[in-house]
file query-v8.txt (compact mmCIF, C-alpha atoms and all ligand atoms)
# COMPACT_ATOMS: atom_id res chain seq x y z
CA MET H 1 25.53 -10.55 -12.50
CA THR H 2 29.09 -10.75 -11.33
CA ALA H 3 29.33 -12.10 -7.78
CA ARG H 4 26.48 -13.94 -6.14
CA PHE H 5 24.72 -11.75 -3.56
CA PHE H 6 22.42 -14.27 -1.87
CA THR H 7 23.60 -17.69 -0.68
CA THR H 8 21.01 -19.53 -2.77
CA GLU H 9 20.15 -19.73 -6.44
CA LYS H 10 17.01 -21.78 -6.03
CA PRO H 11 13.68 -19.91 -6.01
CA ALA H 12 11.61 -20.31 -2.85
CA ALA H 13 8.93 -22.94 -3.23
CA TYR H 14 6.02 -24.23 -1.21
CA LYS H 15 7.26 -27.06 1.01
CA GLY H 16 4.65 -27.10 3.76
CA ALA H 17 5.91 -28.44 7.09
CA ARG H 18 9.21 -29.42 5.39
CA ALA H 19 10.16 -25.76 4.83
CA ALA H 20 12.92 -25.75 7.42
CA ASN H 21 15.54 -23.07 6.73
CA GLY H 22 13.37 -20.03 6.19
CA LEU H 23 14.11 -19.99 2.46
CA ASN H 24 10.98 -21.90 1.41
CA PHE H 25 7.29 -21.37 2.05
CA ARG H 26 5.34 -23.19 4.72
CA TRP H 27 1.99 -21.65 3.85
CA TYR H 28 2.29 -19.61 0.67
CA ASP H 29 1.33 -22.00 -2.10
CA PRO H 30 0.76 -19.92 -5.25
CA ASP H 31 -1.43 -22.51 -7.01
CA ARG H 32 -3.61 -23.42 -4.06
CA MET H 33 -7.22 -22.50 -4.73
CA VAL H 34 -8.84 -20.25 -2.16
CA LEU H 35 -12.48 -19.28 -2.66
CA GLY H 36 -12.19 -20.23 -6.32
CA LYS H 37 -9.03 -18.23 -7.05
CA ARG H 38 -5.29 -19.05 -6.96
CA MET H 39 -3.52 -17.84 -3.85
CA GLU H 40 -1.00 -15.92 -5.96
CA ASP H 41 -3.84 -14.07 -7.68
CA HIS H 42 -5.43 -13.11 -4.38
CA LEU H 43 -2.26 -11.75 -2.83
CA ARG H 44 -0.39 -10.35 -5.83
CA PHE H 45 2.79 -9.79 -3.82
CA ALA H 46 5.18 -7.03 -4.78
CA VAL H 47 8.72 -6.27 -3.60
CA CYS H 48 9.50 -2.59 -3.17
CA TYR H 49 12.73 -1.17 -4.48
CA TRP H 50 13.25 1.56 -1.90
CA HIS H 51 13.47 -0.33 1.38
CA SER H 52 15.04 -3.48 -0.02
CA PHE H 53 17.72 -2.06 -2.32
CA THR H 54 18.04 1.68 -1.70
CA TRP H 55 17.80 2.15 2.06
CA PRO H 56 21.24 1.73 3.68
CA GLY H 57 20.03 0.79 7.18
CA GLY H 58 20.29 4.17 8.89
CA ASP H 59 18.18 5.52 11.75
CA PRO H 60 18.05 9.03 13.29
CA PHE H 61 21.09 8.24 15.43
CA GLY H 62 23.25 6.17 13.15
CA GLY H 63 24.13 5.67 9.52
CA GLU H 64 24.51 2.81 7.14
CA THR H 65 24.69 -0.74 8.44
CA PHE H 66 24.11 -2.82 5.30
CA ASN H 67 27.15 -1.76 3.24
CA ARG H 68 25.67 -2.78 -0.10
CA SER H 69 28.33 -2.49 -2.78
CA TRP H 70 26.04 -0.80 -5.35
CA MET H 71 25.53 2.15 -3.02
CA HIS H 72 29.25 2.91 -3.19
CA ASP H 73 29.98 2.68 -6.87
CA ALA H 74 32.10 5.63 -8.08
CA ASP H 75 29.80 5.71 -11.12
CA PRO H 76 26.24 6.01 -9.75
CA MET H 77 24.70 4.68 -12.98
CA ALA H 78 26.91 1.58 -12.77
CA GLY H 79 25.66 1.23 -9.18
CA ALA H 80 22.07 1.53 -10.40
CA ARG H 81 22.64 -1.22 -12.96
CA ALA H 82 24.22 -3.50 -10.35
CA LYS H 83 21.27 -2.77 -8.06
CA ALA H 84 18.84 -3.76 -10.82
CA ASP H 85 20.68 -7.08 -11.19
CA VAL H 86 20.32 -7.85 -7.50
CA ALA H 87 16.69 -6.69 -7.48
CA PHE H 88 15.68 -8.95 -10.35
CA GLU H 89 17.62 -11.82 -8.81
CA MET H 90 15.59 -11.33 -5.64
CA PHE H 91 12.28 -11.15 -7.53
CA ARG H 92 13.20 -14.49 -9.10
CA LEU H 93 14.26 -16.08 -5.82
CA LEU H 94 11.03 -15.00 -4.13
CA ASP H 95 8.96 -15.96 -7.15
CA VAL H 96 6.95 -12.76 -6.66
CA PRO H 97 4.63 -11.62 -9.43
CA PHE H 98 5.26 -7.86 -8.93
CA PHE H 99 7.64 -5.08 -7.89
CA THR H 100 7.29 -1.33 -7.20
CA PHE H 101 9.63 1.68 -7.38
CA HIS H 102 10.10 5.45 -7.11
CA ASP H 103 12.09 7.17 -9.86
CA ARG H 104 14.84 8.07 -7.40
CA ASP H 105 15.18 4.48 -6.16
CA ILE H 106 16.11 3.07 -9.50
CA ALA H 107 18.43 5.77 -10.86
CA PRO H 108 20.51 8.64 -9.48
CA GLU H 109 19.27 12.20 -9.67
CA GLY H 110 21.19 14.26 -12.24
CA THR H 111 22.10 17.94 -12.18
CA THR H 112 19.07 18.82 -14.33
CA LEU H 113 15.61 17.28 -14.64
CA ALA H 114 16.49 16.23 -18.19
CA GLU H 115 19.48 14.28 -16.92
CA SER H 116 17.47 12.74 -14.07
CA ASN H 117 14.78 11.66 -16.51
CA ARG H 118 17.38 10.17 -18.85
CA ASN H 119 18.83 8.16 -15.96
CA VAL H 120 15.37 6.88 -14.99
CA ARG H 121 14.63 6.01 -18.61
CA ALA H 122 17.95 4.17 -19.04
CA ILE H 123 17.20 1.92 -16.07
CA GLY H 124 13.62 1.60 -17.29
CA GLU H 125 14.98 0.12 -20.51
CA ILE H 126 17.01 -2.38 -18.53
CA PHE H 127 13.83 -3.29 -16.61
CA ALA H 128 11.93 -3.79 -19.86
CA LYS H 129 14.62 -6.19 -21.13
CA LYS H 130 14.78 -8.10 -17.87
CA MET H 131 10.98 -8.33 -17.71
CA GLU H 132 10.90 -10.03 -21.12
CA LYS H 133 12.58 -13.03 -19.54
CA ALA H 134 11.20 -12.77 -16.01
CA LYS H 135 7.85 -13.52 -14.45
CA VAL H 136 7.81 -10.29 -12.45
CA ARG H 137 5.49 -7.43 -13.51
CA LEU H 138 5.21 -3.85 -12.30
CA LEU H 139 2.51 -3.32 -9.66
CA TRP H 140 3.12 0.41 -9.58
CA GLY H 141 5.56 3.20 -10.14
CA THR H 142 5.70 6.51 -8.29
CA ALA H 143 7.68 9.74 -8.21
CA ASN H 144 9.78 10.76 -5.24
CA LEU H 145 8.47 14.27 -4.55
CA PHE H 146 9.81 14.48 -1.02
CA SER H 147 13.58 13.83 -0.69
CA ASN H 148 15.12 16.72 -2.61
CA ARG H 149 15.30 20.04 -0.74
CA ARG H 150 13.30 21.73 -3.53
CA PHE H 151 10.29 19.86 -2.11
CA MET H 152 10.83 20.86 1.51
CA ALA H 153 7.67 23.01 1.47
CA GLY H 154 5.66 20.53 -0.56
CA ALA H 155 5.38 19.48 -4.20
CA ALA H 156 1.83 20.17 -5.45
CA THR H 157 1.10 22.23 -2.33
CA ASN H 158 4.27 24.33 -2.55
CA PRO H 159 3.81 28.11 -2.28
CA ASP H 160 5.95 28.36 -5.45
CA PRO H 161 4.22 27.33 -8.71
CA GLU H 162 7.61 26.49 -10.24
CA VAL H 163 8.00 23.66 -7.75
CA PHE H 164 4.49 22.49 -8.72
CA ALA H 165 5.62 22.49 -12.36
CA TYR H 166 8.80 20.57 -11.52
CA ALA H 167 6.78 17.94 -9.64
CA ALA H 168 4.38 17.68 -12.59
CA ALA H 169 7.30 17.12 -14.98
CA GLN H 170 8.67 14.39 -12.73
CA VAL H 171 5.29 12.65 -12.46
CA LYS H 172 4.82 12.80 -16.23
CA ASN H 173 8.12 10.94 -16.71
CA VAL H 174 7.36 8.19 -14.18
CA LEU H 175 3.72 7.81 -15.19
CA GLU H 176 4.78 7.33 -18.81
CA LEU H 177 7.50 4.85 -17.82
CA THR H 178 4.98 2.98 -15.64
CA HIS H 179 2.65 2.82 -18.64
CA GLU H 180 5.40 1.56 -20.96
CA LEU H 181 6.39 -1.14 -18.49
CA GLY H 182 2.77 -2.31 -18.31
CA GLY H 183 2.27 -1.14 -14.72
CA ALA H 184 -1.01 -2.11 -13.09
CA ASN H 185 -1.31 1.13 -11.06
CA TYR H 186 0.34 4.47 -10.41
CA VAL H 187 0.74 5.75 -6.82
CA LEU H 188 0.84 9.24 -5.33
CA TRP H 189 2.07 9.58 -1.78
CA GLY H 190 2.21 13.14 -0.51
CA GLY H 191 4.76 13.08 2.29
CA ARG H 192 5.41 16.79 1.97
CA GLU H 193 1.87 17.76 1.02
CA GLY H 194 1.02 19.29 4.36
CA TYR H 195 2.52 21.82 6.72
CA GLU H 196 4.91 22.29 9.60
CA THR H 197 3.22 25.41 10.94
CA LEU H 198 -0.15 26.93 10.11
CA LEU H 199 1.41 30.36 10.61
CA ASN H 200 3.01 30.28 7.15
CA THR H 201 0.33 28.20 5.43
CA ASP H 202 -2.72 29.04 3.32
CA ILE H 203 -4.72 25.81 3.54
CA ARG H 204 -7.38 26.93 1.09
CA ARG H 205 -4.81 27.52 -1.64
CA GLU H 206 -2.85 24.36 -0.89
CA LEU H 207 -5.95 22.16 -1.10
CA ALA H 208 -6.90 23.74 -4.42
CA GLN H 209 -3.38 23.10 -5.75
CA LEU H 210 -3.50 19.48 -4.60
CA GLY H 211 -6.83 18.97 -6.34
CA ARG H 212 -5.55 20.52 -9.54
CA PHE H 213 -2.42 18.35 -9.49
CA LEU H 214 -4.42 15.16 -9.03
CA THR H 215 -6.78 16.12 -11.83
CA MET H 216 -3.82 16.73 -14.14
CA VAL H 217 -2.45 13.26 -13.34
CA VAL H 218 -5.83 11.69 -14.18
CA GLU H 219 -6.05 13.73 -17.40
CA HIS H 220 -2.58 12.63 -18.44
CA LYS H 221 -3.39 9.02 -17.66
CA GLN H 222 -6.33 9.25 -20.05
CA LYS H 223 -4.30 11.10 -22.67
CA ILE H 224 -1.58 8.42 -22.87
CA GLY H 225 -4.10 5.56 -22.59
CA PHE H 226 -2.77 4.17 -19.31
CA LYS H 227 -5.28 1.56 -18.17
CA GLY H 228 -3.92 1.14 -14.64
CA THR H 229 -5.49 2.63 -11.52
CA ILE H 230 -4.35 5.92 -10.00
CA LEU H 231 -3.92 5.40 -6.26
CA ILE H 232 -3.43 7.83 -3.39
CA GLU H 233 -1.64 6.56 -0.31
CA PRO H 234 -2.87 8.15 2.92
CA LYS H 235 -0.55 9.00 5.79
CA PRO H 236 -1.43 11.46 8.55
CA LYS H 237 2.07 12.72 9.39
CA GLU H 238 5.78 12.05 8.96
CA PRO H 239 7.71 13.65 7.44
CA THR H 240 5.30 16.61 7.64
CA LYS H 241 3.54 17.43 10.90
CA HIS H 242 0.12 17.42 9.27
CA GLN H 243 -0.46 15.76 5.90
CA TYR H 244 -3.57 16.47 3.84
CA ASP H 245 -3.99 12.85 2.70
CA PHE H 246 -4.61 11.98 6.33
CA ASP H 247 -6.62 8.76 6.11
CA VAL H 248 -9.20 7.00 3.97
CA GLY H 249 -12.11 9.12 5.16
CA THR H 250 -10.29 12.39 4.54
CA ILE H 251 -9.17 11.36 1.05
CA TYR H 252 -12.70 10.28 0.17
CA GLY H 253 -13.96 13.74 1.05
CA MET H 254 -11.24 15.34 -1.04
CA LEU H 255 -11.94 13.07 -4.02
CA LYS H 256 -15.63 14.01 -3.81
CA ALA H 257 -14.71 17.69 -3.73
CA TYR H 258 -12.51 17.29 -6.83
CA ASP H 259 -15.06 15.06 -8.57
CA LEU H 260 -12.53 12.24 -8.80
CA GLU H 261 -14.07 9.55 -6.59
CA LYS H 262 -14.69 7.35 -9.61
CA GLU H 263 -11.19 7.85 -11.03
CA VAL H 264 -8.90 7.38 -8.06
CA LYS H 265 -8.60 4.64 -5.46
CA ILE H 266 -6.59 4.22 -2.29
CA ASN H 267 -3.39 2.40 -1.38
CA ILE H 268 -3.66 1.61 2.33
CA GLU H 269 -0.57 1.01 4.44
CA GLN H 270 -0.79 -0.78 7.79
CA ASN H 271 1.69 1.49 9.53
CA HIS H 272 -0.03 4.65 8.25
CA ALA H 273 -3.39 3.44 9.54
CA ILE H 274 -1.85 3.06 13.00
CA LEU H 275 -0.30 6.55 12.83
CA ALA H 276 -3.75 7.95 11.99
CA GLY H 277 -5.14 6.36 15.15
CA HIS H 278 -6.99 3.61 13.28
CA THR H 279 -6.56 -0.09 12.88
CA PHE H 280 -5.50 -1.48 9.50
CA GLU H 281 -8.81 -3.31 9.21
CA HIS H 282 -10.73 -0.11 9.90
CA GLU H 283 -9.10 1.59 6.92
CA LEU H 284 -9.67 -1.48 4.71
CA ALA H 285 -13.30 -1.86 5.74
CA LEU H 286 -14.00 1.85 5.21
CA ALA H 287 -12.36 1.93 1.78
CA GLY H 288 -14.28 -1.21 0.88
CA ALA H 289 -17.56 0.34 2.01
CA LEU H 290 -16.85 3.49 -0.02
CA GLY H 291 -15.80 1.52 -3.12
CA ILE H 292 -12.28 2.98 -3.24
CA LEU H 293 -10.09 0.13 -2.01
CA GLY H 294 -7.23 -0.11 -4.49
CA SER H 295 -4.13 -1.77 -3.08
CA ILE H 296 -2.19 -2.25 0.14
CA ASP H 297 1.31 -1.52 1.43
CA ILE H 298 1.79 -4.43 3.71
CA ASN H 299 4.00 -3.83 6.73
CA ARG H 300 3.69 -3.42 10.49
CA GLY H 301 4.08 -0.45 12.77
CA ASP H 302 5.49 -0.75 16.24
CA TYR H 303 2.73 0.03 18.71
CA LEU H 304 5.19 1.64 21.11
CA LEU H 305 7.03 3.87 18.64
CA GLY H 306 5.30 6.87 17.13
CA TRP H 307 6.76 6.65 13.64
CA ASP H 308 6.67 4.59 10.47
CA THR H 309 8.90 1.65 11.43
CA ASP H 310 7.79 -0.30 8.33
CA GLN H 311 8.53 -3.71 9.79
CA PHE H 312 7.63 -6.87 7.95
CA ALA H 313 4.06 -7.94 8.73
CA MET H 314 4.16 -11.09 10.85
CA ASN H 315 1.04 -10.75 12.98
CA ILE H 316 -1.26 -13.52 11.78
CA PRO H 317 -4.51 -12.46 13.50
CA GLU H 318 -4.09 -8.97 12.05
CA MET H 319 -3.35 -10.34 8.57
CA ALA H 320 -6.46 -12.51 8.85
CA LEU H 321 -8.74 -9.57 9.59
CA ALA H 322 -7.08 -7.55 6.82
CA ALA H 323 -7.65 -10.37 4.33
CA TYR H 324 -11.22 -10.76 5.55
CA TYR H 325 -12.13 -7.12 4.82
CA ILE H 326 -10.29 -7.25 1.49
CA LEU H 327 -12.30 -10.32 0.50
CA LYS H 328 -15.51 -8.66 1.69
CA ALA H 329 -14.67 -5.69 -0.54
CA GLY H 330 -14.39 -8.04 -3.53
CA GLY H 331 -10.58 -8.22 -3.57
CA LEU H 332 -7.90 -5.77 -4.64
CA GLY H 333 -8.58 -5.63 -8.39
CA THR H 334 -5.48 -4.17 -10.05
CA GLY H 335 -3.83 -3.80 -6.63
CA GLY H 336 -1.76 -6.18 -4.57
CA TYR H 337 0.20 -6.68 -1.35
CA ASN H 338 3.24 -4.45 -1.72
CA PHE H 339 6.00 -5.04 0.82
CA ASP H 340 6.63 -1.45 1.82
CA ALA H 341 8.70 -3.01 4.56
CA LYS H 342 12.29 -2.96 5.64
CA ILE H 343 14.38 -5.46 7.50
CA ARG H 344 15.71 -4.19 10.82
CA ARG H 345 19.07 -2.46 10.60
CA GLN H 346 20.75 -5.32 12.45
CA SER H 347 19.58 -7.82 9.81
CA ILE H 348 22.69 -7.28 7.75
CA ASP H 349 23.01 -10.60 5.91
CA PRO H 350 21.76 -10.51 2.32
CA ASP H 351 19.66 -13.61 3.01
CA ASP H 352 17.78 -11.66 5.70
CA LEU H 353 16.03 -9.90 2.81
CA LEU H 354 14.79 -13.23 1.46
CA ILE H 355 13.85 -14.61 4.88
CA ALA H 356 11.86 -11.48 5.80
CA HIS H 357 9.82 -11.56 2.60
CA ILE H 358 9.24 -15.31 2.75
CA ALA H 359 8.19 -15.18 6.41
CA SER H 360 5.79 -12.32 5.76
CA MET H 361 4.39 -13.95 2.61
CA ASP H 362 3.67 -16.99 4.79
CA ALA H 363 1.95 -14.79 7.40
CA CYS H 364 -0.19 -13.15 4.69
CA ALA H 365 -1.02 -16.56 3.19
CA ARG H 366 -2.14 -17.84 6.58
CA GLY H 367 -4.19 -14.71 7.02
CA LEU H 368 -5.87 -15.33 3.69
CA LEU H 369 -6.62 -18.96 4.55
CA ILE H 370 -8.12 -17.96 7.88
CA ALA H 371 -10.20 -15.23 6.26
CA ALA H 372 -11.47 -17.71 3.68
CA ARG H 373 -12.54 -20.04 6.49
CA ILE H 374 -14.38 -17.22 8.25
CA ILE H 375 -16.23 -16.49 5.03
CA GLU H 376 -16.92 -20.13 4.14
CA ASP H 377 -18.17 -20.87 7.62
CA GLY H 378 -20.47 -17.87 7.41
CA LYS H 379 -21.13 -17.41 11.14
CA LEU H 380 -19.65 -13.94 11.38
CA ASP H 381 -21.41 -12.72 8.25
CA ALA H 382 -24.67 -14.24 9.47
CA PHE H 383 -24.34 -12.50 12.83
CA VAL H 384 -23.80 -9.10 11.26
CA ALA H 385 -26.56 -9.61 8.70
CA ASP H 386 -28.96 -10.58 11.46
CA ARG H 387 -27.96 -7.52 13.51
CA TYR H 388 -29.10 -5.24 10.71
CA SER H 389 -31.94 -7.37 9.40
CA GLY H 390 -34.53 -4.79 10.48
CA TRP H 391 -33.27 -2.58 7.69
CA ASP H 392 -34.19 -5.24 5.14
CA GLY H 393 -37.84 -5.01 6.17
CA LYS H 394 -40.45 -2.80 4.52
CA GLU H 395 -40.09 0.15 6.91
CA GLY H 396 -36.28 0.08 6.97
CA LYS H 397 -36.16 0.15 3.19
CA ALA H 398 -38.72 2.95 2.98
CA ILE H 399 -36.67 5.11 5.39
CA LEU H 400 -33.48 4.68 3.38
CA ALA H 401 -35.26 5.25 0.08
CA GLY H 402 -36.25 8.71 1.33
CA LYS H 403 -39.93 7.83 1.61
CA ARG H 404 -40.26 8.79 5.28
CA SER H 405 -39.94 12.24 6.91
CA LEU H 406 -39.34 13.12 10.56
CA ASP H 407 -43.13 13.75 10.78
CA ASP H 408 -43.91 10.28 9.40
CA LEU H 409 -41.55 8.56 11.78
CA ALA H 410 -42.72 10.50 14.81
CA ALA H 411 -46.32 9.65 13.96
CA GLN H 412 -45.41 6.00 13.55
CA VAL H 413 -43.63 5.74 16.89
CA HIS H 414 -46.72 7.15 18.63
CA LYS H 415 -49.22 5.11 16.66
CA ARG H 416 -47.44 1.77 17.01
CA ASN H 417 -46.28 2.52 20.57
CA LEU H 418 -42.70 1.62 19.57
CA GLU H 419 -40.46 0.75 22.51
CA PRO H 420 -37.26 -0.65 20.89
CA GLN H 421 -35.35 -3.02 23.17
CA PRO H 422 -31.50 -2.98 23.23
CA LYS H 423 -29.81 -6.20 22.08
CA SER H 424 -26.39 -7.50 23.06
CA GLY H 425 -23.54 -6.67 20.66
CA ARG H 426 -21.86 -9.93 21.77
CA GLN H 427 -18.33 -8.68 21.25
CA GLU H 428 -16.65 -11.37 23.35
CA TYR H 429 -18.62 -14.10 21.63
CA LEU H 430 -17.37 -12.79 18.28
CA GLU H 431 -13.78 -12.40 19.46
CA ARG H 432 -13.84 -16.00 20.57
CA LEU H 433 -15.37 -17.01 17.25
CA ILE H 434 -12.44 -15.39 15.41
CA ASN H 435 -9.93 -17.08 17.74
CA ASP H 436 -11.48 -20.42 16.81
CA TYR H 437 -10.41 -19.94 13.18
CA LEU H 438 -6.80 -19.02 13.99
C1 LIG B 1 6.12 6.42 3.14
C2 LIG B 1 5.33 5.77 2.11
C3 LIG B 1 6.04 5.57 0.79
C4 LIG B 1 5.04 5.26 -0.28
C5 LIG B 1 5.53 5.48 -1.66
O1 LIG B 1 5.79 6.41 4.31
O2 LIG B 1 4.85 4.56 2.61
O3 LIG B 1 7.00 4.56 0.92
O4 LIG B 1 4.56 3.96 -0.18
O5 LIG B 1 5.95 6.78 -1.87
NI NI B 2 3.84 3.08 1.55
NI NI B 3 5.09 4.30 4.96

call {"tool": "encode", "arguments": {"input": "query-v8.txt", "output": "structure tokens"}}
result
Amino acid sequence: MTARFFTTEKPAAYKGARAANGLNFRWYDPDRMVLGKRMEDHLRFAVCYWHSFTWPGGDPFGGETFNRSWMHDADPMAGARAKADVAFEMFRLLDVPFFTFHDRDIAPEGTTLAESNRNVRAIGEIFAKKMEKAKVRLLWGTANLFSNRRFMAGAATNPDPEVFAYAAAQVKNVLELTHELGGANYVLWGGREGYETLLNTDIRRELAQLGRFLTMVVEHKQKIGFKGTILIEPKPKEPTKHQYDFDVGTIYGMLKAYDLEKEVKINIEQNHAILAGHTFEHELALAGALGILGSIDINRGDYLLGWDTDQFAMNIPEMALAAYYILKAGGLGTGGYNFDAKIRRQSIDPDDLLIAHIASMDACARGLLIAARIIEDGKLDAFVADRYSGWDGKEGKAILAGKRSLDDLAAQVHKRNLEPQPKSGRQEYLERLINDYL
């Protein structure tokens, strides 16, 4: 690397209360054991390439604010190489175990697909070399099937099968690169897989196309021997008015319809959960209950703005509940906490990138510690278990096992004179209980 980009060369380290300047951790202590597992192995943090190194700081009313030199290189491949240097320097300074990328984040698009693929491959080779010496691993790769105008009417769900083919060729390249780099997962996010107006849209066809595309990705994964998990990332809208991968529940239904519920899991993003009218913990708990929780994109939506602001997650109570439902689901497996988050466009100092990640890693670490206490203490779990304990009895089990009909149950209510009495849900008691752990 030529000139130093950040002001520090020392990796962030756990310093507890002595972590004064924002460049060390107060709470994130990779080796600390939490419920029998290292903190680093619970959280599996990843830095994303797109927001941190590719986004110039624009918003709908104004352009670039960050003025990163690599975005202005006369030779875009030289810019891509300089960007990779800064990215790997940041991975080292944050001591993160993972990173994530889209093909178009890491290398410029060429005039043909062959040229684009060659560019992606060339940077992929640089990654492979850098990874030999670095700690950082690839959490997931993904293809950008939404920026180029060819995808304006969708990728897999495009009315034109040639666009479908182009998207397939792009995914093949990134999936294979992800495999070669030892990626732990591969992500599909369908920002353009939806519609702007129903008037020009054949939903039945588009859903069939989407299912076929996903099946082809799974088939190719098996063909090349990729052991990672295929993940779909739900988002209800933005950029498209209505997106098919709306939320966890919708994707589960689609996976069932395509017979892929055992093959594909879900990457849940906080801000997307909010846009779908859910809480983050709702989406996590539902995916956990359905056995399809794969990974998370950790960020924070603004509750007053109706779009994906992708702020760094700093809300400790929310992180605690998220960690709680992740732990209840048995953890993230091959997944991790991916910072799909961007610093605000006024945070123009290079060190702001470090500070944002470190602060959010601390918030996630605190969330994990709080969640572990909730679980160790056992009061919340005991309350919920008790609330449903009737279902553990003989009759409850018989009903669920399909051994009772409506006739049986009606007869039983009459015979035993059943008069079930409502019980308090004790919401405020539980809310206070949670506050006690914070
Ligand atoms: C956009 C998505 C995107 C995916 C990867 O809203 O969050 O960044 O995570 O394509
Ligand atoms: Ni995301
Ligand atoms: Ni997003």

call {"tool": "residues_near_point", "arguments": {"input": "query-v8.txt", "point": "(-6.2, -17.4, 9.7)", "cutoff": "10 Å", "atoms": "only C-alpha atoms", "output": "number ranges by chain"}}
result
H: 316-321, 323-324, 363-374, 434-438

call {"tool": "residues_around", "arguments": {"input": "query-v8.txt", "residues": "Ile298 of chain H", "least_positions_apart": "5", "cutoff": "7 Å", "atoms": "all atoms listed in the file", "output": "ChimeraX atom specification"}}
result
/H:269-270,313,337-340

call {"tool": "atom_distance", "arguments": {"input": "query-v8.txt", "atom1": "atom CA of Leu35 of chain H", "atom2": "atom CA of Phe98 of chain H"}}
result
22.0 Å

call {"tool": "closest_residue", "arguments": {"input": "query-v8.txt", "among": "H:Phe226, H:Phe246, H:Phe164, H:Trp307", "to": "Trp189 of chain H", "atoms": "only C-alpha atoms"}}
result
H:Phe246

call {"tool": "residues_near_ligand", "arguments": {"input": "query-v8.txt", "ligand": "ligand NI 3 (chain B)", "cutoff": "12 Å", "atoms": "only C-alpha atoms and all ligand atoms", "output": "ChimeraX atom specification"}}
result
/H:48,50-51,189-191,233-239,267-276,296-301,307-312,338-342

call {"tool": "write_last_selection", "arguments": {"input": "query-v8.txt", "atoms": "C-alpha atoms", "output": "compact mmCIF listing (two decimals), in the coordinates of the input"}}
result
# COMPACT_ATOMS: atom_id res chain seq x y z
CA CYS H 48 9.50 -2.59 -3.17
CA TRP H 50 13.25 1.56 -1.90
CA HIS H 51 13.47 -0.33 1.38
CA TRP H 189 2.07 9.58 -1.78
CA GLY H 190 2.21 13.14 -0.51
CA GLY H 191 4.76 13.08 2.29
CA GLU H 233 -1.64 6.56 -0.31
CA PRO H 234 -2.87 8.15 2.92
CA LYS H 235 -0.55 9.00 5.79
CA PRO H 236 -1.43 11.46 8.55
CA LYS H 237 2.07 12.72 9.39
CA GLU H 238 5.78 12.05 8.96
CA PRO H 239 7.71 13.65 7.44
CA ASN H 267 -3.39 2.40 -1.38
CA ILE H 268 -3.66 1.61 2.33
CA GLU H 269 -0.57 1.01 4.44
CA GLN H 270 -0.79 -0.78 7.79
CA ASN H 271 1.69 1.49 9.53
CA HIS H 272 -0.03 4.65 8.25
CA ALA H 273 -3.39 3.44 9.54
CA ILE H 274 -1.85 3.06 13.00
CA LEU H 275 -0.30 6.55 12.83
CA ALA H 276 -3.75 7.95 11.99
CA ILE H 296 -2.19 -2.25 0.14
CA ASP H 297 1.31 -1.52 1.43
CA ILE H 298 1.79 -4.43 3.71
CA ASN H 299 4.00 -3.83 6.73
CA ARG H 300 3.69 -3.42 10.49
CA GLY H 301 4.08 -0.45 12.77
CA TRP H 307 6.76 6.65 13.64
CA ASP H 308 6.67 4.59 10.47
CA THR H 309 8.90 1.65 11.43
CA ASP H 310 7.79 -0.30 8.33
CA GLN H 311 8.53 -3.71 9.79
CA PHE H 312 7.63 -6.87 7.95
CA ASN H 338 3.24 -4.45 -1.72
CA PHE H 339 6.00 -5.04 0.82
CA ASP H 340 6.63 -1.45 1.82
CA ALA H 341 8.70 -3.01 4.56
CA LYS H 342 12.29 -2.96 5.64

call {"tool": "residues_around", "arguments": {"input": "query-v8.txt", "residues": "Ile126 of chain H", "least_positions_apart": "3", "cutoff": "10 Å", "atoms": "all atoms listed in the file", "output": "PyMOL selection string"}}
result
chain H and resi 81+84-85+121-123+129-131

call {"tool": "closest_residue", "arguments": {"input": "query-v8.txt", "among": "H:Phe88, H:Gly253, H:Leu260, H:Thr201", "to": "Val217 of chain H", "atoms": "only C-alpha atoms"}}
result
H:Leu260

call {"tool": "atom_distance", "arguments": {"input": "query-v8.txt", "atom1": "atom CA of Gly336 of chain H", "atom2": "atom CA of Ala46 of chain H"}}
result
7.0 Å

call {"tool": "closest_residue", "arguments": {"input": "query-v8.txt", "among": "H:Arg44, H:Arg104, H:Arg68, H:Arg344", "to": "ligand LIG 1 (chain B)", "atoms": "all atoms listed in the file"}}
result
H:Arg104

call {"tool": "residues_around", "arguments": {"input": "query-v8.txt", "residues": "segment 173-188 of chain H", "least_positions_apart": "5", "cutoff": "9 Å", "atoms": "only C-alpha atoms", "output": "MDAnalysis selection string"}}
result
chainID H and resid 102:103 117 120:121 124:125 127:128 131 137:143 168 214 217 220:221 224:233 266:267 294:295 334:335
